[in-house]
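Below is start23.cif, which holds mmCIF, C-alpha atoms.
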```
data_final
loop_
_atom_site.label_atom_id
_atom_site.label_comp_id
_atom_site.auth_asym_id
_atom_site.auth_seq_id
_atom_site.Cartn_x
_atom_site.Cartn_y
_atom_site.Cartn_z
CA MET A 866 -44.81 -25.98 -1.94
CA LYS A 867 -42.81 -24.25 -4.63
CA GLU A 868 -39.31 -24.33 -3.11
CA LEU A 869 -39.52 -28.04 -2.26
CA LYS A 870 -40.83 -28.95 -5.71
CA GLU A 871 -37.97 -27.02 -7.30
CA ALA A 872 -35.46 -28.86 -5.11
CA ILE A 873 -37.00 -32.24 -5.99
CA LEU A 874 -36.83 -31.49 -9.70
CA LYS A 875 -33.29 -30.11 -9.46
CA TYR A 876 -31.64 -32.48 -6.97
CA GLY A 877 -33.96 -35.46 -6.57
CA VAL A 878 -33.17 -38.75 -8.25
CA GLY A 879 -35.76 -41.28 -9.34
CA ILE A 880 -34.62 -44.89 -9.16
CA GLY A 881 -36.57 -47.75 -10.67
CA ASP A 882 -40.30 -47.19 -10.50
CA SER A 883 -40.69 -46.23 -6.85
CA ILE A 884 -37.58 -44.86 -5.13
CA VAL A 885 -37.44 -41.08 -4.73
CA LYS A 886 -33.93 -40.21 -3.57
CA VAL A 887 -33.81 -36.80 -1.93
CA ASP A 888 -31.05 -37.44 0.56
CA SER A 889 -29.03 -34.47 -0.71
CA PHE A 890 -31.43 -32.00 0.91
CA LEU A 891 -34.07 -33.80 2.98
CA ASN A 892 -33.06 -36.93 4.86
CA HIS A 893 -29.30 -37.33 5.10
CA ARG A 894 -27.91 -33.94 4.19
CA ILE A 895 -30.46 -31.31 5.22
CA ASP A 896 -30.95 -28.00 3.42
CA VAL A 897 -31.64 -26.01 6.58
CA GLU A 898 -33.10 -22.99 4.83
CA LEU A 899 -35.51 -25.18 2.86
CA SER A 900 -36.40 -27.10 6.03
CA THR A 901 -37.16 -23.81 7.78
CA LEU A 902 -39.38 -22.72 4.89
CA MET A 903 -41.19 -26.06 4.93
CA GLY A 904 -41.85 -25.70 8.64
CA ARG A 905 -43.34 -22.25 8.09
CA ASP A 906 -45.52 -23.54 5.27
CA ILE A 907 -46.85 -26.42 7.37
CA ALA A 908 -47.45 -24.11 10.33
CA ALA A 909 -49.38 -21.68 8.14
CA HIS A 910 -51.57 -24.51 6.84
CA PHE A 911 -52.51 -25.59 10.37
CA ALA A 912 -52.52 -22.12 11.92
CA GLU A 913 -56.18 -22.33 12.93
CA LYS A 914 -55.86 -25.74 14.57
CA GLN A 915 -54.37 -24.61 17.89
CA ILE A 916 -51.69 -27.30 17.82
CA ASP A 917 -50.14 -28.18 21.19
CA ILE A 918 -47.50 -30.75 20.17
CA VAL A 919 -45.70 -31.82 16.99
CA LEU A 920 -45.20 -35.60 16.89
CA THR A 921 -42.80 -37.37 14.54
CA VAL A 922 -40.82 -40.58 14.44
CA GLU A 923 -37.04 -40.81 14.42
CA SER A 924 -34.93 -39.98 12.50
CA SER A 925 -35.75 -38.25 9.23
CA GLY A 926 -38.87 -36.51 10.50
CA ILE A 927 -37.10 -34.66 13.31
CA ALA A 928 -35.70 -31.77 11.26
CA VAL A 929 -39.01 -30.66 9.73
CA ALA A 930 -40.80 -31.34 13.01
CA MET A 931 -38.39 -28.88 14.64
CA THR A 932 -38.91 -26.15 12.06
CA THR A 933 -42.69 -26.66 12.12
CA ALA A 934 -42.74 -26.38 15.91
CA GLN A 935 -40.62 -23.23 15.75
CA ALA A 936 -43.07 -21.68 13.30
CA LEU A 937 -46.00 -22.68 15.51
CA GLY A 938 -44.53 -20.60 18.33
CA ASN A 939 -41.92 -22.95 19.81
CA ILE A 940 -44.34 -25.66 20.86
CA PRO A 941 -42.76 -28.98 21.92
CA VAL A 942 -41.67 -31.74 19.54
CA VAL A 943 -42.01 -35.36 20.61
CA PHE A 944 -40.31 -37.99 18.51
CA ALA A 945 -41.32 -41.61 18.72
CA ARG A 946 -38.44 -44.02 19.23
CA LYS A 947 -37.99 -47.03 16.98
CA SER A 948 -35.61 -48.79 19.31
CA THR A 949 -35.62 -49.37 23.00
CA SER A 950 -33.51 -46.73 24.58
CA LEU A 951 -32.28 -45.83 28.01
CA ASN A 952 -33.80 -42.44 27.23
CA VAL A 953 -37.30 -43.90 27.14
CA GLY A 954 -38.70 -45.38 30.33
CA PRO A 955 -41.00 -48.39 30.60
CA ASP A 956 -44.22 -46.36 30.81
CA VAL A 957 -44.83 -45.97 27.09
CA TYR A 958 -47.46 -46.14 24.40
CA THR A 959 -46.42 -48.46 21.57
CA ALA A 960 -47.56 -49.21 18.04
CA GLN A 961 -46.40 -51.60 15.35
CA VAL A 962 -45.19 -50.03 12.12
CA TYR A 963 -44.33 -52.17 9.12
CA SER A 964 -41.58 -50.75 6.95
CA PHE A 965 -42.21 -51.75 3.34
CA THR A 966 -38.84 -50.48 2.19
CA ARG A 967 -36.89 -52.49 4.75
CA GLN A 968 -39.50 -55.24 5.18
CA VAL A 969 -39.26 -55.21 8.95
CA LEU A 970 -41.81 -54.64 11.67
CA ASN A 971 -40.75 -51.84 14.01
CA THR A 972 -42.23 -51.03 17.37
CA ILE A 973 -42.45 -47.29 17.90
CA ARG A 974 -42.83 -45.94 21.40
CA VAL A 975 -43.58 -42.68 23.14
CA SER A 976 -43.40 -42.03 26.87
CA LYS A 977 -46.88 -41.54 28.24
CA ALA A 978 -45.83 -38.43 30.14
CA TYR A 979 -45.24 -36.48 26.93
CA LEU A 980 -48.69 -36.95 25.40
CA PRO A 981 -51.12 -35.48 27.92
CA ALA A 982 -54.73 -36.49 27.25
CA GLY A 983 -56.65 -33.84 25.34
CA SER A 984 -53.59 -32.47 23.52
CA ARG A 985 -54.07 -31.40 19.90
CA VAL A 986 -51.24 -33.07 18.01
CA LEU A 987 -49.88 -32.46 14.53
CA VAL A 988 -48.07 -35.46 13.07
CA VAL A 989 -45.14 -34.58 10.79
CA ASP A 990 -42.87 -36.79 8.70
CA ASP A 991 -40.50 -36.48 5.77
CA PHE A 992 -42.11 -39.17 3.56
CA LEU A 993 -45.48 -40.77 3.08
CA ALA A 994 -45.70 -43.95 1.05
CA ASN A 995 -47.88 -46.67 2.54
CA GLY A 996 -48.86 -44.55 5.51
CA ALA A 997 -47.79 -47.06 8.13
CA ALA A 998 -45.78 -44.57 10.21
CA ILE A 999 -48.62 -42.05 10.38
CA GLU A 1000 -51.12 -44.79 11.21
CA GLY A 1001 -48.81 -45.98 13.98
CA MET A 1002 -48.64 -42.47 15.42
CA ARG A 1003 -52.43 -42.15 15.13
CA ASP A 1004 -52.73 -45.39 17.06
CA ILE A 1005 -50.53 -43.98 19.83
CA LEU A 1006 -52.53 -40.74 19.95
CA THR A 1007 -55.74 -42.74 20.32
CA GLN A 1008 -54.23 -44.64 23.25
CA ALA A 1009 -53.18 -41.33 24.79
CA GLY A 1010 -56.57 -39.70 24.40
CA CYS A 1011 -55.03 -36.99 22.21
CA GLU A 1012 -56.60 -35.43 19.15
CA LEU A 1013 -54.91 -35.95 15.78
CA ALA A 1014 -55.33 -32.39 14.51
CA GLY A 1015 -53.68 -33.18 11.19
CA ALA A 1016 -50.70 -34.66 9.43
CA ALA A 1017 -48.07 -33.05 7.24
CA VAL A 1018 -45.43 -34.69 5.08
CA CYS A 1019 -42.76 -33.23 2.85
CA VAL A 1020 -43.04 -35.78 0.06
CA GLU A 1021 -46.04 -38.00 -0.62
CA LYS A 1022 -45.68 -40.88 -3.03
CA GLY A 1023 -49.01 -40.36 -4.76
CA PHE A 1024 -48.67 -43.65 -6.61
CA GLN A 1025 -48.75 -45.60 -3.35
CA ALA A 1026 -51.80 -46.17 -1.22
CA GLY A 1027 -51.05 -44.32 2.01
CA GLY A 1028 -52.24 -40.82 1.15
CA SER A 1029 -55.58 -41.91 -0.27
CA ARG A 1030 -56.27 -44.20 2.64
CA LEU A 1031 -55.39 -41.58 5.26
CA ARG A 1032 -57.55 -38.92 3.58
CA ALA A 1033 -60.44 -41.38 3.24
CA SER A 1034 -60.18 -42.04 6.97
CA GLY A 1035 -60.78 -38.35 7.62
CA ILE A 1036 -57.27 -37.15 8.44
CA ASP A 1037 -56.46 -33.58 7.41
CA LEU A 1038 -53.34 -34.55 5.45
CA TYR A 1039 -51.13 -31.86 3.95
CA SER A 1040 -48.37 -32.91 1.53
CA LEU A 1041 -45.87 -30.29 0.41
CA ALA A 1042 -45.12 -32.22 -2.78
CA ILE A 1043 -46.76 -35.25 -4.35
CA VAL A 1044 -44.77 -37.55 -6.64
CA ASP A 1045 -47.03 -39.23 -9.17
CA GLY A 1046 -44.43 -41.52 -10.65
CA ILE A 1047 -40.95 -41.98 -12.02
CA ASP A 1048 -40.33 -42.05 -15.74
CA ASN A 1049 -36.85 -43.19 -16.76
CA GLY A 1050 -35.29 -41.60 -13.69
CA LYS A 1051 -37.33 -38.42 -13.99
CA ILE A 1052 -39.51 -37.61 -10.99
CA LEU A 1053 -43.04 -36.64 -12.01
CA LEU A 1054 -44.65 -34.13 -9.65
CA ARG A 1055 -48.37 -33.54 -9.35
CA GLU A 1056 -49.49 -30.06 -10.38
CA ASP A 1057 -51.24 -27.96 -7.74
CA MET B 161 -25.26 -22.26 29.32
CA LYS B 162 -27.63 -20.84 31.89
CA GLU B 163 -31.00 -21.90 30.42
CA LEU B 164 -29.88 -25.50 29.87
CA LYS B 165 -28.42 -25.79 33.37
CA GLU B 166 -31.67 -24.49 34.83
CA ALA B 167 -33.64 -27.06 32.82
CA ILE B 168 -31.34 -29.88 33.96
CA LEU B 169 -31.73 -28.89 37.60
CA LYS B 170 -35.50 -28.44 37.29
CA TYR B 171 -36.49 -31.34 35.01
CA GLY B 172 -33.52 -33.69 34.81
CA VAL B 173 -33.49 -36.91 36.78
CA GLY B 174 -30.35 -38.63 38.03
CA ILE B 175 -30.58 -42.42 38.17
CA GLY B 176 -28.01 -44.58 39.89
CA ASP B 177 -24.52 -43.14 39.64
CA SER B 178 -24.34 -42.41 35.92
CA ILE B 179 -27.69 -42.00 34.12
CA VAL B 180 -28.73 -38.41 33.41
CA LYS B 181 -32.35 -38.52 32.22
CA VAL B 182 -33.27 -35.40 30.31
CA ASP B 183 -35.79 -36.88 27.90
CA SER B 184 -38.48 -34.40 28.96
CA PHE B 185 -36.73 -31.57 27.11
CA LEU B 186 -33.71 -32.83 25.19
CA ASN B 187 -33.92 -36.24 23.57
CA HIS B 188 -37.46 -37.59 23.41
CA ARG B 189 -39.65 -34.56 24.05
CA ILE B 190 -37.81 -31.49 22.77
CA ASP B 191 -38.16 -28.03 24.29
CA VAL B 192 -37.93 -26.19 20.97
CA GLU B 193 -37.27 -22.77 22.45
CA LEU B 194 -34.43 -24.15 24.57
CA SER B 195 -33.06 -26.03 21.56
CA THR B 196 -33.10 -22.82 19.53
CA LEU B 197 -31.26 -20.98 22.30
CA MET B 198 -28.68 -23.77 22.53
CA GLY B 199 -28.09 -23.57 18.79
CA ARG B 200 -27.49 -19.83 19.03
CA ASP B 201 -25.09 -20.31 21.93
CA ILE B 202 -23.08 -22.94 20.07
CA ALA B 203 -23.03 -20.81 16.92
CA ALA B 204 -21.77 -17.80 18.88
CA HIS B 205 -18.97 -19.89 20.39
CA PHE B 206 -17.77 -20.99 16.94
CA ALA B 207 -18.59 -17.76 15.11
CA GLU B 208 -14.96 -17.16 14.08
CA LYS B 209 -14.43 -20.67 12.73
CA GLN B 210 -16.12 -20.23 9.34
CA ILE B 211 -18.06 -23.47 9.67
CA ASP B 212 -19.32 -24.98 6.39
CA ILE B 213 -21.26 -28.01 7.65
CA VAL B 214 -22.79 -29.23 10.92
CA LEU B 215 -22.34 -32.99 11.35
CA THR B 216 -24.25 -35.10 13.86
CA VAL B 217 -25.40 -38.67 14.24
CA GLU B 218 -29.02 -39.81 14.32
CA SER B 219 -31.27 -39.37 16.20
CA SER B 220 -30.94 -37.23 19.29
CA GLY B 221 -28.34 -34.90 17.84
CA ILE B 222 -30.47 -33.77 14.93
CA ALA B 223 -32.55 -31.15 16.74
CA VAL B 224 -29.64 -29.16 18.14
CA ALA B 225 -27.69 -29.64 14.91
CA MET B 226 -30.60 -27.97 13.10
CA THR B 227 -30.80 -24.99 15.45
CA THR B 228 -27.01 -24.58 15.39
CA ALA B 229 -26.99 -24.61 11.59
CA GLN B 230 -29.82 -22.07 11.52
CA ALA B 231 -27.85 -19.77 13.80
CA LEU B 232 -24.74 -20.20 11.65
CA GLY B 233 -26.66 -18.79 8.69
CA ASN B 234 -28.58 -21.82 7.44
CA ILE B 235 -25.57 -23.93 6.59
CA PRO B 236 -26.27 -27.60 5.82
CA VAL B 237 -26.67 -30.33 8.41
CA VAL B 238 -25.46 -33.85 7.65
CA PHE B 239 -26.49 -36.63 9.97
CA ALA B 240 -24.61 -39.90 10.05
CA ARG B 241 -26.80 -42.98 9.78
CA LYS B 242 -26.53 -45.80 12.26
CA SER B 243 -28.39 -48.27 10.10
CA THR B 244 -28.16 -49.13 6.46
CA SER B 245 -30.86 -47.22 4.69
CA LEU B 246 -32.23 -46.93 1.22
CA ASN B 247 -31.61 -43.23 1.71
CA VAL B 248 -27.87 -43.77 1.87
CA GLY B 249 -26.10 -45.14 -1.18
CA PRO B 250 -23.14 -47.49 -1.22
CA ASP B 251 -20.52 -44.76 -1.63
CA VAL B 252 -20.05 -43.93 2.04
CA TYR B 253 -17.49 -43.24 4.71
CA THR B 254 -17.96 -45.49 7.73
CA ALA B 255 -16.71 -45.66 11.29
CA GLN B 256 -17.28 -48.04 14.18
CA VAL B 257 -18.87 -46.54 17.28
CA TYR B 258 -19.19 -48.59 20.44
CA SER B 259 -22.23 -47.70 22.54
CA PHE B 260 -21.39 -48.22 26.19
CA THR B 261 -24.99 -47.72 27.29
CA ARG B 262 -26.35 -50.37 24.92
CA GLN B 263 -23.15 -52.41 24.69
CA VAL B 264 -23.36 -52.75 20.94
CA LEU B 265 -21.01 -51.78 18.13
CA ASN B 266 -22.71 -49.54 15.59
CA THR B 267 -21.42 -48.67 12.18
CA ILE B 268 -22.14 -45.05 11.34
CA ARG B 269 -22.08 -43.94 7.71
CA VAL B 270 -22.11 -40.75 5.72
CA SER B 271 -22.42 -40.47 1.94
CA LYS B 272 -19.15 -39.25 0.50
CA ALA B 273 -20.92 -36.67 -1.63
CA TYR B 274 -22.00 -34.65 1.41
CA LEU B 275 -18.56 -34.15 2.94
CA PRO B 276 -16.52 -32.34 0.28
CA ALA B 277 -12.78 -32.36 0.99
CA GLY B 278 -11.59 -29.19 2.65
CA SER B 279 -14.90 -28.44 4.39
CA ARG B 280 -14.73 -27.01 7.89
CA VAL B 281 -17.08 -29.15 9.95
CA LEU B 282 -18.59 -28.62 13.38
CA VAL B 283 -19.63 -31.85 15.10
CA VAL B 284 -22.71 -31.52 17.34
CA ASP B 285 -24.39 -34.04 19.62
CA ASP B 286 -26.79 -34.08 22.55
CA PHE B 287 -24.61 -36.09 24.93
CA LEU B 288 -20.94 -36.77 25.52
CA ALA B 289 -19.97 -39.64 27.80
CA ASN B 290 -17.19 -41.85 26.53
CA GLY B 291 -16.72 -39.82 23.38
CA ALA B 292 -17.11 -42.71 20.97
CA ALA B 293 -19.65 -40.96 18.73
CA ILE B 294 -17.51 -37.85 18.32
CA GLU B 295 -14.41 -39.97 17.70
CA GLY B 296 -16.33 -41.89 15.05
CA MET B 297 -17.34 -38.68 13.33
CA ARG B 298 -13.75 -37.41 13.55
CA ASP B 299 -12.64 -40.63 11.88
CA ILE B 300 -15.10 -40.03 9.04
CA LEU B 301 -13.95 -36.41 8.65
CA THR B 302 -10.34 -37.60 8.40
CA GLN B 303 -11.30 -40.03 5.65
CA ALA B 304 -13.13 -37.22 3.86
CA GLY B 305 -10.24 -34.78 4.07
CA CYS B 306 -12.43 -32.37 6.05
CA GLU B 307 -11.31 -30.23 8.95
CA LEU B 308 -12.85 -30.87 12.37
CA ALA B 309 -13.33 -27.23 13.34
CA GLY B 310 -14.76 -28.11 16.74
CA ALA B 311 -17.31 -30.13 18.64
CA ALA B 312 -20.27 -29.04 20.72
CA VAL B 313 -22.45 -31.08 23.04
CA CYS B 314 -25.42 -30.14 25.17
CA VAL B 315 -24.55 -32.32 28.15
CA GLU B 316 -21.10 -33.66 28.99
CA LYS B 317 -20.78 -36.33 31.62
CA GLY B 318 -17.71 -34.89 33.26
CA PHE B 319 -17.24 -38.00 35.39
CA GLN B 320 -16.65 -40.13 32.30
CA ALA B 321 -13.54 -40.10 30.19
CA GLY B 322 -14.68 -38.77 26.83
CA GLY B 323 -14.39 -35.02 27.36
CA SER B 324 -10.90 -35.15 28.85
CA ARG B 325 -9.63 -37.44 26.12
CA LEU B 326 -11.11 -35.33 23.31
CA ARG B 327 -9.68 -32.10 24.75
CA ALA B 328 -6.28 -33.74 25.25
CA SER B 329 -6.34 -34.74 21.59
CA GLY B 330 -6.64 -31.10 20.61
CA ILE B 331 -10.35 -30.86 19.76
CA ASP B 332 -12.02 -27.52 20.51
CA LEU B 333 -14.82 -29.05 22.57
CA TYR B 334 -17.64 -26.87 23.87
CA SER B 335 -20.07 -28.36 26.40
CA LEU B 336 -23.14 -26.34 27.33
CA ALA B 337 -23.43 -28.13 30.67
CA ILE B 338 -21.12 -30.54 32.47
CA VAL B 339 -22.50 -33.05 34.95
CA ASP B 340 -19.93 -33.92 37.60
CA GLY B 341 -21.91 -36.65 39.26
CA ILE B 342 -25.18 -37.82 40.73
CA ASP B 343 -25.80 -37.74 44.46
CA ASN B 344 -28.92 -39.58 45.60
CA GLY B 345 -30.79 -38.69 42.44
CA LYS B 346 -29.58 -35.09 42.44
CA ILE B 347 -27.64 -34.04 39.35
CA LEU B 348 -24.48 -32.15 40.26
CA LEU B 349 -23.51 -29.54 37.67
CA ARG B 350 -20.04 -28.08 37.29
CA GLU B 351 -19.79 -24.36 38.03
CA ASP B 352 -18.59 -22.12 35.21
#
```

Would it be possible to restate this file's structure as structure tokens?
Amino acid sequence: MKELKEAILKYGVGIGDSIVKVDSFLNHRIDVELSTLMGRDIAAHFAEKQIDIVLTVESSGIAVAMTTAQALGNIPVVFARKSTSLNVGPDVYTAQVYSFTRQVLNTIRVSKAYLPAGSRVLVVDDFLANGAAIEGMRDILTQAGCELAGAAVCVEKGFQAGGSRLRASGIDLYSLAIVDGIDNGKILLRED
Amino acid sequence: MKELKEAILKYGVGIGDSIVKVDSFLNHRIDVELSTLMGRDIAAHFAEKQIDIVLTVESSGIAVAMTTAQALGNIPVVFARKSTSLNVGPDVYTAQVYSFTRQVLNTIRVSKAYLPAGSRVLVVDDFLANGAAIEGMRDILTQAGCELAGAAVCVEKGFQAGGSRLRASGIDLYSLAIVDGIDNGKILLRED
């Protein structure tokens, strides 16, 4: 997606050989106009899929999940919780998600009531690296008897294994920008 | 706000004498149309305040912060982090926020770069009970030399102390719905 790629090249910072820092517009400060455009782009890509629910995981995925759901006609967003919360009851689906960046195993959870069996669900997240978050959400959708209609991420780290593995497993994965590497701080984007 | 109050009365669940469970439309599953309407309502209330930035704290505040920022003309959202993250560098403002519901002390943090001195900031959150989150964000804005132009919350627990204390301190606090108590599971809303 052109506007996101421009923002990555203009404001993104590459650190070491794997960190793509885009917190100035994507996951700490949010460029709301860009987020709205990304939501429209994702919605257009999945327009024929008759999506019922957008599923993401807190926190950084919530903004683009919101704008995607708006563009899909104000369908509901459900966000998986990483922590136990008074806002989530005991009747939940859970999955284990290993965070490579933090090196911790998180349990994500979604209340069963908000994933009715048979729903067509689009999974949305800000980043895709090793694919653990999306696989965790897929696991929850399987438990719920929902259909994973597709997955969309803002930034895919193309030099890590997640994207290839998810596509090989048959998921319709749409990445708005794919980073192929970092060269002396410069972020290298894949051409369309 | 009429639509939110209707949703609280229709879908909200009162538990014990203090828990207001609205996770079916506000903070686990999100009713995106309602969230968009809430953002417009908050933006209209603060239309004269020339807001530069919407500040919230992860995770449940992000959705309504997004819709508020959209309605204010696509101004940026900044969300304070509760955890240390690779997405937040070391150059941060921090504040201590005590969570009464979880009985833990969280440190919230915002990168200094995203709160330029002199900015007029609207603080937005989903819930207001004891007011600790909003006071923490006010603390950060003071450190940053920003102006707290106002605060907006979806649901204020009017039977807890936060709202009164914040108003007494001079904050322009706007609550879309105020819960005055719970009576045998029934949520009692304050009349306008």

Evaluate the PyMOL selection byres ((chain B) within 7 of (chain A)) on the structure here and hand back the selected residues as a PDB file with C-alpha atoms, in the coordinates of the input.
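part24.pdb, written as the output of this step:
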```pdb
ATOM      1  CA  LYS B 181     -32.350 -38.520  32.220  1.00  0.00           C
ATOM      2  CA  ASP B 183     -35.790 -36.880  27.900  1.00  0.00           C
ATOM      3  CA  HIS B 188     -37.460 -37.590  23.410  1.00  0.00           C
ATOM      4  CA  ARG B 189     -39.650 -34.560  24.050  1.00  0.00           C
ATOM      5  CA  ILE B 190     -37.810 -31.490  22.770  1.00  0.00           C
ATOM      6  CA  ASP B 191     -38.160 -28.030  24.290  1.00  0.00           C
ATOM      7  CA  VAL B 192     -37.930 -26.190  20.970  1.00  0.00           C
ATOM      8  CA  GLU B 193     -37.270 -22.770  22.450  1.00  0.00           C
ATOM      9  CA  GLU B 218     -29.020 -39.810  14.320  1.00  0.00           C
ATOM     10  CA  SER B 219     -31.270 -39.370  16.200  1.00  0.00           C
ATOM     11  CA  ILE B 222     -30.470 -33.770  14.930  1.00  0.00           C
ATOM     12  CA  ALA B 223     -32.550 -31.150  16.740  1.00  0.00           C
ATOM     13  CA  MET B 226     -30.600 -27.970  13.100  1.00  0.00           C
ATOM     14  CA  ALA B 229     -26.990 -24.610  11.590  1.00  0.00           C
ATOM     15  CA  GLN B 230     -29.820 -22.070  11.520  1.00  0.00           C
ATOM     16  CA  ASN B 234     -28.580 -21.820   7.440  1.00  0.00           C
ATOM     17  CA  ILE B 235     -25.570 -23.930   6.590  1.00  0.00           C
ATOM     18  CA  PRO B 236     -26.270 -27.600   5.820  1.00  0.00           C
ATOM     19  CA  VAL B 237     -26.670 -30.330   8.410  1.00  0.00           C
ATOM     20  CA  VAL B 238     -25.460 -33.850   7.650  1.00  0.00           C
ATOM     21  CA  PHE B 239     -26.490 -36.630   9.970  1.00  0.00           C
ATOM     22  CA  ASN B 247     -31.610 -43.230   1.710  1.00  0.00           C
ATOM     23  CA  TYR B 274     -22.000 -34.650   1.410  1.00  0.00           C
TER      24      TYR B 274
END
```

Just say which residues the PyMOL selection byres ((chain B and resi 309) around 10) picks in this file, as a ChimeraX atom specification. /B:206,209-214,279-283,306-308,310-311,331-333

Min atom-atom distance to Leu993 in chain A from the set A:Ile1047, A:Ile973, A:Leu1041, A:Ala960, counting all atoms listed in the file, belongs to A:Leu1041

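Of note, CA of Asp299 in chain B and CA of Gly199 in chain B are spaced 24.0 Å apart.
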
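Across the model, the gap from CA of Leu902 in chain A to CA of Leu869 in chain A is 8.9 Å.
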
For Asp285 in chain B, please output as a PyMOL selection string all residues within 7 Å (counting all atoms listed in the file; exclusion window: fewer than 5 positions along the same chain). chain B and resi 216+221+312-314

Kindly give the distance, in Å, that separates CA of Ala908 in chain A and CA of Phe287 in chain B, rounded to a single decimal.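 It comes out at 29.6 Å.
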
Near Ser329 in chain B, within 12 Å and counting all atoms listed in the file, which residues show up once chain neighbours fewer than 6 positions away are dropped, as a ChimeraX atom specification? /B:291,295,298,308,310,322-323

When you count only C-alpha atoms, which of these residues is closest to Glu316 in chain B: B:Gly296, B:Gly330, B:Pro276, B:Gly341? B:Gly341

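Distance check against Ala289 in chain B using only C-alpha atoms: of B:Leu326, B:Asn266, B:Glu166, B:Gly176, the minimum falls on B:Leu326.
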
With all atoms listed in the file counted, which protein, DNA or RNA residues have an atom no more than 8 Å from (-18.8, -41.7, -1.7) in the file frame? Please answer as a list in words. Pro250, Asp251, Val252, Tyr253, Ser271, Lys272 and Ala273 of chain B

Name the residues that the PyMOL selection byres ((chain A and resi 874) around 10) pulls out of this structure, and write them as a PDB file with C-alpha atoms, in the frame of the given file.
```pdb
ATOM      1  CA  LEU A 869     -39.520 -28.040  -2.260  1.00  0.00           C
ATOM      2  CA  LYS A 870     -40.830 -28.950  -5.710  1.00  0.00           C
ATOM      3  CA  GLU A 871     -37.970 -27.020  -7.300  1.00  0.00           C
ATOM      4  CA  ALA A 872     -35.460 -28.860  -5.110  1.00  0.00           C
ATOM      5  CA  ILE A 873     -37.000 -32.240  -5.990  1.00  0.00           C
ATOM      6  CA  LYS A 875     -33.290 -30.110  -9.460  1.00  0.00           C
ATOM      7  CA  TYR A 876     -31.640 -32.480  -6.970  1.00  0.00           C
ATOM      8  CA  GLY A 877     -33.960 -35.460  -6.570  1.00  0.00           C
ATOM      9  CA  VAL A 878     -33.170 -38.750  -8.250  1.00  0.00           C
ATOM     10  CA  GLY A 879     -35.760 -41.280  -9.340  1.00  0.00           C
ATOM     11  CA  VAL A 887     -33.810 -36.800  -1.930  1.00  0.00           C
ATOM     12  CA  LYS A1051     -37.330 -38.420 -13.990  1.00  0.00           C
ATOM     13  CA  ILE A1052     -39.510 -37.610 -10.990  1.00  0.00           C
ATOM     14  CA  LEU A1053     -43.040 -36.640 -12.010  1.00  0.00           C
ATOM     15  CA  LEU A1054     -44.650 -34.130  -9.650  1.00  0.00           C
TER      16      LEU A1054
END
```

Distance criterion (only C-alpha atoms): nearest to Arg350 in chain B out of B:Thr302, B:Lys317, B:Leu265, B:Ala328: B:Lys317
